[in-house]
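As provided, final_11.cif (mmCIF, C-alpha atoms) reads as follows.
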```cif
data_final
#
loop_
_atom_site.group_PDB
_atom_site.id
_atom_site.type_symbol
_atom_site.label_atom_id
_atom_site.label_comp_id
_atom_site.auth_asym_id
_atom_site.auth_seq_id
_atom_site.Cartn_x
_atom_site.Cartn_y
_atom_site.Cartn_z
ATOM 1 C CA LEU E 1 84.695 90.498 122.761
ATOM 2 C CA ALA E 2 81.408 90.639 124.624
ATOM 3 C CA ASP E 3 80.760 87.248 126.185
ATOM 4 C CA PRO E 4 82.870 86.635 129.284
ATOM 5 C CA GLU E 5 81.289 83.175 129.652
ATOM 6 C CA GLN E 6 83.144 81.805 126.654
ATOM 7 C CA ASN E 7 86.809 80.929 126.364
ATOM 8 C CA ILE E 8 88.112 84.467 126.539
ATOM 9 C CA GLU E 9 91.767 83.576 125.958
ATOM 10 C CA GLU E 10 90.959 81.906 122.664
ATOM 11 C CA GLY E 11 88.648 84.746 121.639
ATOM 12 C CA TRP E 12 91.098 87.473 122.568
ATOM 13 C CA SER E 13 94.018 85.764 120.815
ATOM 14 C CA THR E 14 91.935 85.662 117.645
ATOM 15 C CA PHE E 15 91.091 89.352 118.023
ATOM 16 C CA ALA E 16 94.793 90.146 118.452
ATOM 17 C CA GLU E 17 95.597 88.200 115.265
ATOM 18 C CA LEU E 18 92.934 90.084 113.320
ATOM 19 C CA LYS E 19 94.491 93.329 114.474
ATOM 20 C CA ASP E 20 98.007 92.177 113.569
ATOM 21 C CA GLU E 21 96.777 91.275 110.086
ATOM 22 C CA GLY E 22 95.308 94.753 109.734
ATOM 23 C CA LEU E 23 91.785 93.426 109.318
ATOM 24 C CA VAL E 24 90.519 95.490 112.249
ATOM 25 C CA ARG E 25 91.877 98.746 113.629
ATOM 26 C CA HIS E 26 91.095 98.423 117.311
ATOM 27 C CA ILE E 27 90.073 95.646 119.666
ATOM 28 C CA GLY E 28 88.153 95.872 122.910
ATOM 29 C CA VAL E 29 85.964 93.995 125.340
ATOM 30 C CA SER E 30 82.569 94.440 126.909
ATOM 31 C CA ASN E 31 81.104 93.395 130.280
ATOM 32 C CA PHE E 32 84.446 92.133 131.591
ATOM 33 C CA ASP E 33 85.311 92.205 135.274
ATOM 34 C CA LEU E 34 88.714 93.059 136.658
ATOM 35 C CA ALA E 35 90.012 89.477 136.758
ATOM 36 C CA GLN E 36 88.972 88.876 133.153
ATOM 37 C CA LEU E 37 90.609 92.119 132.016
ATOM 38 C CA GLU E 38 93.836 91.051 133.676
ATOM 39 C CA ARG E 39 93.672 87.647 132.014
ATOM 40 C CA VAL E 40 93.320 88.952 128.460
ATOM 41 C CA ARG E 41 95.782 91.772 129.005
ATOM 42 C CA GLN E 42 98.542 89.153 129.168
ATOM 43 C CA ILE E 43 97.766 88.300 125.527
ATOM 44 C CA ALA E 44 97.271 91.766 124.039
ATOM 45 C CA PRO E 45 96.418 95.244 125.371
ATOM 46 C CA VAL E 46 92.731 96.024 125.829
ATOM 47 C CA GLU E 47 92.204 99.210 123.853
ATOM 48 C CA THR E 48 88.636 99.855 124.803
ATOM 49 C CA LEU E 49 86.157 98.638 127.368
ATOM 50 C CA GLN E 50 82.390 98.840 127.122
ATOM 51 C CA PRO E 51 80.546 98.395 130.430
ATOM 52 C CA PRO E 52 77.031 99.428 131.429
ATOM 53 C CA TYR E 53 77.064 102.635 133.456
ATOM 54 C CA SER E 54 74.280 104.915 134.591
ATOM 55 C CA LEU E 55 72.775 106.442 137.714
ATOM 56 C CA VAL E 56 70.946 103.138 138.238
ATOM 57 C CA ASP E 57 73.896 100.919 137.373
ATOM 58 C CA ARG E 58 77.005 102.120 139.158
ATOM 59 C CA ASP E 59 78.878 98.873 139.834
ATOM 60 C CA VAL E 60 81.806 99.833 137.592
ATOM 61 C CA GLU E 61 82.622 102.782 139.847
ATOM 62 C CA GLN E 62 83.993 100.326 142.403
ATOM 63 C CA GLU E 63 86.848 98.757 140.470
ATOM 64 C CA ILE E 64 86.542 98.975 136.705
ATOM 65 C CA LEU E 65 86.549 102.734 136.123
ATOM 66 C CA PRO E 66 89.413 103.480 138.534
ATOM 67 C CA TYR E 67 91.352 100.616 136.961
ATOM 68 C CA ALA E 68 90.761 101.933 133.441
ATOM 69 C CA GLU E 69 91.794 105.425 134.474
ATOM 70 C CA ALA E 70 94.975 104.123 136.084
ATOM 71 C CA GLN E 71 95.789 102.089 132.961
ATOM 72 C CA GLY E 72 95.095 105.040 130.709
ATOM 73 C CA SER E 73 92.765 102.849 128.689
ATOM 74 C CA GLU E 74 90.344 104.546 126.335
ATOM 75 C CA VAL I 1 85.913 103.442 128.300
ATOM 76 C CA ILE I 2 82.734 103.751 126.320
ATOM 77 C CA VAL I 3 79.732 103.052 128.504
ATOM 78 C CA TYR I 4 76.381 101.685 127.432
ATOM 79 C CA SER I 5 72.875 102.196 128.797
ATOM 80 C CA PRO I 6 73.689 105.620 130.324
ATOM 81 C CA MET I 7 69.941 106.186 130.535
ATOM 82 C CA GLY I 8 69.407 102.882 132.351
ATOM 83 C CA SER I 9 67.710 101.143 129.407
ATOM 84 C CA GLY I 10 65.103 103.894 129.258
ATOM 85 C CA LEU I 11 64.490 104.132 132.986
ATOM 86 C CA LEU I 12 66.099 107.586 133.238
ATOM 87 C CA THR I 13 64.474 109.193 130.208
ATOM 88 C CA GLY I 14 61.640 110.632 132.279
ATOM 89 C CA ARG I 15 59.144 108.776 130.115
ATOM 90 C CA MET I 16 59.152 105.614 132.223
ATOM 91 C CA THR I 17 56.394 105.934 134.808
ATOM 92 C CA ARG I 18 55.491 103.295 137.355
ATOM 93 C CA GLU I 19 52.305 102.657 135.435
ATOM 94 C CA ARG I 20 54.128 102.184 132.137
ATOM 95 C CA ILE I 21 56.624 99.813 133.733
ATOM 96 C CA GLU I 22 53.803 97.752 135.255
ATOM 97 C CA HIS I 23 52.253 97.427 131.802
ATOM 98 C CA LEU I 24 55.405 96.563 129.893
ATOM 99 C CA PRO I 25 54.714 93.694 127.489
ATOM 100 C CA ALA I 26 55.714 90.279 128.843
ATOM 101 C CA ASP I 27 58.303 89.906 126.094
ATOM 102 C CA ASP I 28 60.037 93.155 127.105
ATOM 103 C CA TRP I 29 63.151 91.960 128.938
ATOM 104 C CA ARG I 30 63.034 94.983 131.212
ATOM 105 C CA SER I 31 59.946 93.669 133.007
ATOM 106 C CA ASN I 32 62.263 91.102 134.633
ATOM 107 C CA ASP I 33 65.153 93.496 135.254
ATOM 108 C CA ALA I 34 65.901 94.214 138.920
ATOM 109 C CA ARG I 35 66.250 97.920 138.162
ATOM 110 C CA PHE I 36 62.625 97.975 136.987
ATOM 111 C CA ARG I 37 61.259 96.066 140.010
ATOM 112 C CA GLU I 38 60.854 96.752 143.682
ATOM 113 C CA PRO I 39 62.623 97.426 145.929
ATOM 114 C CA GLU I 40 64.941 99.260 143.503
ATOM 115 C CA LEU I 41 62.227 100.827 141.378
ATOM 116 C CA SER I 42 60.963 103.311 143.988
ATOM 117 C CA ARG I 43 64.461 104.592 144.593
ATOM 118 C CA HIS I 44 65.039 104.972 140.872
ATOM 119 C CA LEU I 45 61.806 106.856 140.308
ATOM 120 C CA VAL I 46 62.873 109.370 142.973
ATOM 121 C CA LEU I 47 66.101 109.803 140.996
ATOM 122 C CA VAL I 48 64.096 110.401 137.825
ATOM 123 C CA ASP I 49 62.147 113.191 139.559
ATOM 124 C CA ARG I 50 65.423 114.875 140.402
ATOM 125 C CA LEU I 51 66.674 114.480 136.829
ATOM 126 C CA VAL I 52 63.465 116.107 135.601
ATOM 127 C CA ALA I 53 64.079 119.083 137.916
ATOM 128 C CA VAL I 54 67.673 119.496 136.723
ATOM 129 C CA ALA I 55 66.601 119.122 133.083
ATOM 130 C CA GLU I 56 63.985 121.870 133.466
ATOM 131 C CA ARG I 57 66.586 124.264 134.818
ATOM 132 C CA HIS I 58 68.794 123.656 131.792
ATOM 133 C CA ASP I 59 66.085 123.463 129.150
ATOM 134 C CA THR I 60 66.946 119.918 128.221
ATOM 135 C CA SER I 61 65.634 116.381 128.744
ATOM 136 C CA PRO I 62 66.095 114.109 131.794
ATOM 137 C CA GLY I 63 67.782 111.582 129.489
ATOM 138 C CA ALA I 64 70.371 114.142 128.414
ATOM 139 C CA VAL I 65 71.118 114.903 132.077
ATOM 140 C CA ALA I 66 71.565 111.183 132.768
ATOM 141 C CA VAL I 67 74.019 110.888 129.855
ATOM 142 C CA ALA I 68 75.888 113.989 131.031
ATOM 143 C CA TRP I 69 76.168 112.430 134.488
ATOM 144 C CA ALA I 70 77.809 109.304 133.060
ATOM 145 C CA LEU I 71 80.189 111.383 130.913
ATOM 146 C CA ARG I 72 81.396 113.445 133.849
ATOM 147 C CA ASN I 73 83.366 110.498 135.216
ATOM 148 C CA PRO I 74 86.993 111.084 134.200
ATOM 149 C CA ALA I 75 87.434 107.442 133.150
ATOM 150 C CA VAL I 76 84.533 107.658 130.698
ATOM 151 C CA ASN I 77 85.358 108.714 127.132
ATOM 152 C CA GLY I 78 81.980 108.219 125.559
ATOM 153 C CA ALA I 79 78.453 106.971 126.058
ATOM 154 C CA ILE I 80 76.344 104.881 123.734
ATOM 155 C CA VAL I 81 72.761 106.029 123.466
ATOM 156 C CA GLY I 82 69.771 104.682 121.591
ATOM 157 C CA PHE I 83 66.564 106.368 120.571
ATOM 158 C CA PRO I 84 63.058 104.939 120.351
ATOM 159 C CA PRO I 85 61.556 104.802 116.865
ATOM 160 C CA PRO I 86 60.125 108.165 115.822
ATOM 161 C CA ARG I 87 56.320 108.430 115.876
ATOM 162 C CA PRO I 88 54.063 111.220 114.707
ATOM 163 C CA GLY I 89 53.486 113.672 117.530
ATOM 164 C CA ARG I 90 56.441 112.548 119.564
ATOM 165 C CA PRO I 91 59.157 115.154 120.090
ATOM 166 C CA ASP I 92 62.163 114.703 117.851
ATOM 167 C CA PRO I 93 64.491 112.469 119.931
ATOM 168 C CA GLY I 94 67.590 114.042 118.430
ATOM 169 C CA ARG I 95 66.741 117.606 119.273
ATOM 170 C CA TYR I 96 68.773 117.692 122.458
ATOM 171 C CA TRP I 97 71.804 116.356 120.635
ATOM 172 C CA PRO I 98 72.796 119.274 118.467
ATOM 173 C CA SER I 99 75.414 117.316 116.523
ATOM 174 C CA ALA I 100 72.869 114.682 115.543
ATOM 175 C CA HIS I 101 70.248 117.161 114.517
ATOM 176 C CA ARG I 102 71.477 120.702 114.303
ATOM 177 C CA ARG I 103 69.230 123.331 115.793
ATOM 178 C CA ARG I 104 68.798 126.308 113.570
ATOM 179 C CA ARG I 105 68.745 129.548 115.424
ATOM 180 C CA GLY I 106 65.487 131.447 115.236
ATOM 181 C CA ARG I 107 63.761 129.049 112.881
ATOM 182 C CA ASP I 108 62.755 125.473 112.700
ATOM 183 C CA ARG I 109 62.586 125.029 108.991
ATOM 184 C CA ARG I 110 63.112 121.567 107.659
ATOM 185 C CA ARG I 111 65.464 121.269 104.740
ATOM 186 C CA PRO I 112 64.451 119.703 101.449
ATOM 187 C CA GLY I 113 64.656 115.941 101.776
ATOM 188 C CA GLU I 114 64.338 115.990 105.525
ATOM 189 C CA ALA I 115 60.672 114.965 105.611
ATOM 190 C CA GLY I 116 61.430 112.243 103.072
ATOM 191 C CA SER I 117 64.351 110.775 104.953
ATOM 192 C CA MET I 118 62.351 110.819 108.190
ATOM 193 C CA THR I 119 59.450 109.071 106.433
ATOM 194 C CA VAL I 120 61.723 106.288 105.215
ATOM 195 C CA GLY I 121 62.618 105.723 108.870
ATOM 196 C CA LEU I 122 58.966 105.045 109.664
ATOM 197 C CA GLY I 123 58.532 102.387 106.993
ATOM 198 C CA ALA I 124 59.369 98.716 106.798
ATOM 199 C CA ILE I 125 62.955 99.412 105.733
ATOM 200 C CA GLY I 126 63.414 101.894 108.602
ATOM 201 C CA SER I 127 66.184 100.154 110.492
ATOM 202 C CA PRO I 128 67.628 102.006 113.499
ATOM 203 C CA LEU I 129 70.754 102.538 111.389
ATOM 204 C CA LEU I 130 68.829 104.231 108.619
ATOM 205 C CA ARG I 131 66.808 106.325 111.062
ATOM 206 C CA GLY I 132 69.916 107.463 112.864
ATOM 207 C CA ARG I 133 71.450 108.538 109.569
ATOM 208 C CA ALA I 134 68.482 110.499 108.304
ATOM 209 C CA PRO I 135 69.792 113.860 109.592
ATOM 210 C CA LEU I 136 73.198 113.170 108.016
ATOM 211 C CA VAL I 137 71.612 112.450 104.664
ATOM 212 C CA VAL I 138 69.909 115.825 104.813
ATOM 213 C CA GLU I 139 73.023 117.653 105.922
ATOM 214 C CA LEU I 140 76.249 115.754 105.335
ATOM 215 C CA PRO I 141 78.522 116.505 108.304
ATOM 216 C CA ASP I 142 82.196 117.358 107.860
ATOM 217 C CA GLN I 143 83.138 114.754 110.412
ATOM 218 C CA ALA I 144 82.081 111.215 109.563
ATOM 219 C CA TRP I 145 80.407 108.797 111.954
ATOM 220 C CA PHE I 146 81.611 105.997 109.711
ATOM 221 C CA ASP I 147 83.351 106.947 106.530
ATOM 222 C CA VAL I 148 83.096 105.652 102.978
ATOM 223 C CA GLU I 149 86.568 104.099 102.972
ATOM 224 C CA LEU I 150 85.937 102.135 106.161
ATOM 225 C CA ALA I 151 82.674 100.807 104.743
ATOM 226 C CA HIS I 152 84.473 99.965 101.519
ATOM 227 C CA LYS I 153 87.110 98.019 103.432
ATOM 228 C CA ASP I 154 84.397 95.927 105.107
ATOM 229 C CA ILE I 155 82.643 95.282 101.793
ATOM 230 C CA ARG I 156 85.906 94.216 100.144
ATOM 231 C CA LEU I 157 86.658 91.830 103.015
ATOM 232 C CA ALA I 158 83.150 90.374 102.727
ATOM 233 C CA LEU I 159 83.487 89.970 98.965
ATOM 234 C CA ALA I 160 86.905 88.345 99.261
ATOM 235 C CA THR I 161 85.617 85.883 101.853
ATOM 236 C CA ALA I 162 82.516 85.155 99.778
ATOM 237 C CA GLN I 163 84.587 84.574 96.668
ATOM 238 C CA ARG I 164 86.905 82.236 98.523
ATOM 239 C CA ASP I 165 83.936 80.226 99.749
ATOM 240 C CA GLY I 166 82.089 80.353 96.446
ATOM 241 C CA VAL I 167 79.127 82.348 97.775
ATOM 242 C CA PRO I 168 77.571 84.966 95.462
ATOM 243 C CA LEU I 169 77.024 88.397 97.065
ATOM 244 C CA PRO I 170 75.416 90.534 94.357
ATOM 245 C CA ALA I 171 74.269 93.324 96.701
ATOM 246 C CA ALA I 172 77.759 93.666 98.172
ATOM 247 C CA GLY I 173 79.085 93.873 94.617
ATOM 248 C CA LEU I 174 76.775 96.810 93.936
ATOM 249 C CA ALA I 175 77.849 98.453 97.178
ATOM 250 C CA ASP I 176 81.476 97.961 96.099
ATOM 251 C CA ASP I 177 80.763 99.823 92.843
ATOM 252 C CA TRP I 178 78.985 102.716 94.519
ATOM 253 C CA LEU I 179 81.596 103.079 97.241
ATOM 254 C CA THR I 180 84.260 103.215 94.533
ATOM 255 C CA THR I 181 82.280 105.946 92.805
ATOM 256 C CA ALA I 182 81.885 107.828 96.087
ATOM 257 C CA SER I 183 85.642 107.717 96.715
ATOM 258 C CA SER I 184 86.429 108.880 93.192
ATOM 259 C CA LEU I 185 84.113 111.847 93.747
ATOM 260 C CA GLY I 186 86.103 112.793 96.857
ATOM 261 C CA TYR I 187 83.779 111.374 99.531
ATOM 262 C CA GLY I 188 86.292 108.822 100.881
ATOM 263 C CA HIS I 189 86.555 110.380 104.310
ATOM 264 C CA ARG I 190 82.968 111.592 104.498
ATOM 265 C CA ASP I 191 80.216 109.725 106.282
ATOM 266 C CA ILE I 192 78.572 106.900 104.315
ATOM 267 C CA ALA I 193 75.454 109.093 104.215
ATOM 268 C CA ALA I 194 77.323 110.679 101.274
ATOM 269 C CA LEU I 195 76.126 107.734 99.156
ATOM 270 C CA TYR I 196 72.775 109.482 98.855
ATOM 271 C CA ALA I 197 74.497 112.516 97.411
ATOM 272 C CA VAL I 198 76.399 110.273 94.980
ATOM 273 C CA LEU I 199 73.210 108.503 93.885
ATOM 274 C CA ALA I 200 71.456 111.847 93.499
ATOM 275 C CA GLN I 201 74.295 113.207 91.364
ATOM 276 C CA ARG I 202 74.342 110.121 89.168
ATOM 277 C CA ALA I 203 70.539 110.160 88.803
ATOM 278 C CA THR I 204 70.717 113.737 87.568
ATOM 279 C CA THR I 205 73.542 112.929 85.191
ATOM 280 C CA SER I 206 71.819 109.928 83.627
ATOM 281 C CA SER I 207 68.466 111.701 83.209
ATOM 282 C CA GLU I 208 70.269 114.575 81.489
ATOM 283 C CA ARG I 209 71.969 112.056 79.284
ATOM 284 C CA ALA I 210 68.634 110.416 78.419
ATOM 285 C CA GLU I 211 67.156 113.809 77.568
ATOM 286 C CA THR I 212 70.096 114.693 75.415
ATOM 287 C CA SER I 213 69.965 111.526 73.363
ATOM 288 C CA ALA I 214 66.156 111.676 73.053
ATOM 289 C CA SER I 215 66.284 115.188 71.640
ATOM 290 C CA GLY I 216 69.054 114.207 69.268
ATOM 291 C CA SER I 217 71.185 117.039 70.542
ATOM 292 C CA SER I 218 74.845 117.023 69.697
ATOM 293 C CA ARG I 219 75.747 117.795 73.308
ATOM 294 C CA GLY I 220 78.537 115.507 74.441
ATOM 295 C CA ASP I 221 78.283 112.802 77.032
ATOM 296 C CA VAL I 222 78.178 114.185 80.545
#
```

Full structure transcribed into structure tokens:
Amino acid sequence: LADPEQNIEEGWSTFAELKDEGLVRHIGVSNFDLAQLERVRQIAPVETLQPPYSLVDRDVEQEILPYAEAQGSE
Amino acid sequence: VIVYSPMGSGLLTGRMTRERIEHLPADDWRSNDARFREPELSRHLVLVDRLVAVAERHDTSPGAVAVAWALRNPAVNGAIVGFPPPRPGRPDPGRYWPSAHRRRRGRDRRRPGEAGSMTVGLGAIGSPLLRGRAPLVVELPDQAWFDVELAHKDIRLALATAQRDGVPLPAAGLADDWLTTASSLGYGHRDIAALYAVLAQRATTSSERAETSASGSSRGDV
């Protein structure tokens, strides 16, 4: 799920259903901030997160990466 | 966590000079990206100089150092990288990634088929996917990037959906057949690059068969 501007609850619920039906193996999100991660986590666990990260783009070091490490997310 | 743009959308490859950035085509989204404009740009170009120095010490590329930097964070499990399209005279972009393009000790001999698969990448059908797979076609790795059975699952889902909606998908049908063949030949858990090997085997078999029947030999069907 890569567009945080859309209705992420609806999108994430659909992803969770696809996983339950065995149509996909893993579900994850991209470009989400901490609040959005917390929102979708209520519906189903976030297995993988895909943020931008480089020497010139270090925003995720503030909250996202420590959060992911604490959650043990892949 | 799998991060993207570990080389800053090309900024950290060492090939992005101030001059090149100033002359980026207007339709290149990076010309409007804050990272590629002042005041950030000067700071980033200083960083690139330092990456170049580190890369020289380790006989690698600045881009590889940038990727290594992103991977060193304990929360990061992987990094997504992209390569520019290959062009004659440009160094092989995969050469610093030994798993993508294995270095052969003491020699740099290209295997049969390698030049051909690279050439396909330069043509009109040379999608990034096909280009990225060229080295795997030449030397099928033990560990798959994306295996035959996974691809087959996707094709079956597409065909089932298409059938339900009454949409013909002849190419997917062909793919279904060839993926079945690949699995039956034991390639189920190999990378989908194995399809080339399957096609090559079948091509050999059918030309032998044609020869056999043309010569009127009594040799049985292969």

Name the residues that the PyMOL selection byres ((chain E) within 10 of (chain I)) picks from the file above, as a PDB file with C-alpha atoms, in the coordinates of the input, using the file's chain letters and numbers.
```pdb
ATOM      1  CA  LEU E  23      91.785  93.426 109.318  1.00  0.00           C
ATOM      2  CA  VAL E  24      90.519  95.490 112.249  1.00  0.00           C
ATOM      3  CA  GLY E  28      88.153  95.872 122.910  1.00  0.00           C
ATOM      4  CA  VAL E  29      85.964  93.995 125.340  1.00  0.00           C
ATOM      5  CA  SER E  30      82.569  94.440 126.909  1.00  0.00           C
ATOM      6  CA  ASN E  31      81.104  93.395 130.280  1.00  0.00           C
ATOM      7  CA  GLU E  47      92.204  99.210 123.853  1.00  0.00           C
ATOM      8  CA  THR E  48      88.636  99.855 124.803  1.00  0.00           C
ATOM      9  CA  LEU E  49      86.157  98.638 127.368  1.00  0.00           C
ATOM     10  CA  GLN E  50      82.390  98.840 127.122  1.00  0.00           C
ATOM     11  CA  PRO E  51      80.546  98.395 130.430  1.00  0.00           C
ATOM     12  CA  PRO E  52      77.031  99.428 131.429  1.00  0.00           C
ATOM     13  CA  TYR E  53      77.064 102.635 133.456  1.00  0.00           C
ATOM     14  CA  SER E  54      74.280 104.915 134.591  1.00  0.00           C
ATOM     15  CA  LEU E  55      72.775 106.442 137.714  1.00  0.00           C
ATOM     16  CA  VAL E  56      70.946 103.138 138.238  1.00  0.00           C
ATOM     17  CA  ASP E  57      73.896 100.919 137.373  1.00  0.00           C
ATOM     18  CA  ARG E  58      77.005 102.120 139.158  1.00  0.00           C
ATOM     19  CA  VAL E  60      81.806  99.833 137.592  1.00  0.00           C
ATOM     20  CA  GLU E  61      82.622 102.782 139.847  1.00  0.00           C
ATOM     21  CA  ILE E  64      86.542  98.975 136.705  1.00  0.00           C
ATOM     22  CA  LEU E  65      86.549 102.734 136.123  1.00  0.00           C
ATOM     23  CA  PRO E  66      89.413 103.480 138.534  1.00  0.00           C
ATOM     24  CA  TYR E  67      91.352 100.616 136.961  1.00  0.00           C
ATOM     25  CA  ALA E  68      90.761 101.933 133.441  1.00  0.00           C
ATOM     26  CA  GLU E  69      91.794 105.425 134.474  1.00  0.00           C
ATOM     27  CA  ALA E  70      94.975 104.123 136.084  1.00  0.00           C
ATOM     28  CA  GLN E  71      95.789 102.089 132.961  1.00  0.00           C
ATOM     29  CA  GLY E  72      95.095 105.040 130.709  1.00  0.00           C
ATOM     30  CA  SER E  73      92.765 102.849 128.689  1.00  0.00           C
ATOM     31  CA  GLU E  74      90.344 104.546 126.335  1.00  0.00           C
TER      32      GLU E  74
END
```

Six-sided padding of 3 Å per side, axis-aligned box over range 135-151 of chain I, centre and edges in Å, one decimal, as lines of an AutoDock Vina configuration file:
```
center_x = 78.2
center_y = 109.2
center_z = 107.5
size_x = 22.8
size_y = 22.8
size_z = 15.0
```

Mind telling me what the PyMOL selection byres ((chain E and resi 14) around 12) catches here, as an MDAnalysis selection string?
chainID E and resid 1 7:13 15:21 23:24 27 40 43:44

Write out as a PyMOL selection string the residues lying within 12 Å of Val148 in chain I, counting only C-alpha atoms and excluding same-chain residues fewer than 3 positions away.
chain I and resi 143-145+151-155+175-196+198

Gap from CA of Leu140 in chain I to CA of Arg202 in chain I - Å, one decimal:
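Calculated distance between CA of Leu140 in chain I and CA of Arg202 in chain I is 17.2 Å.
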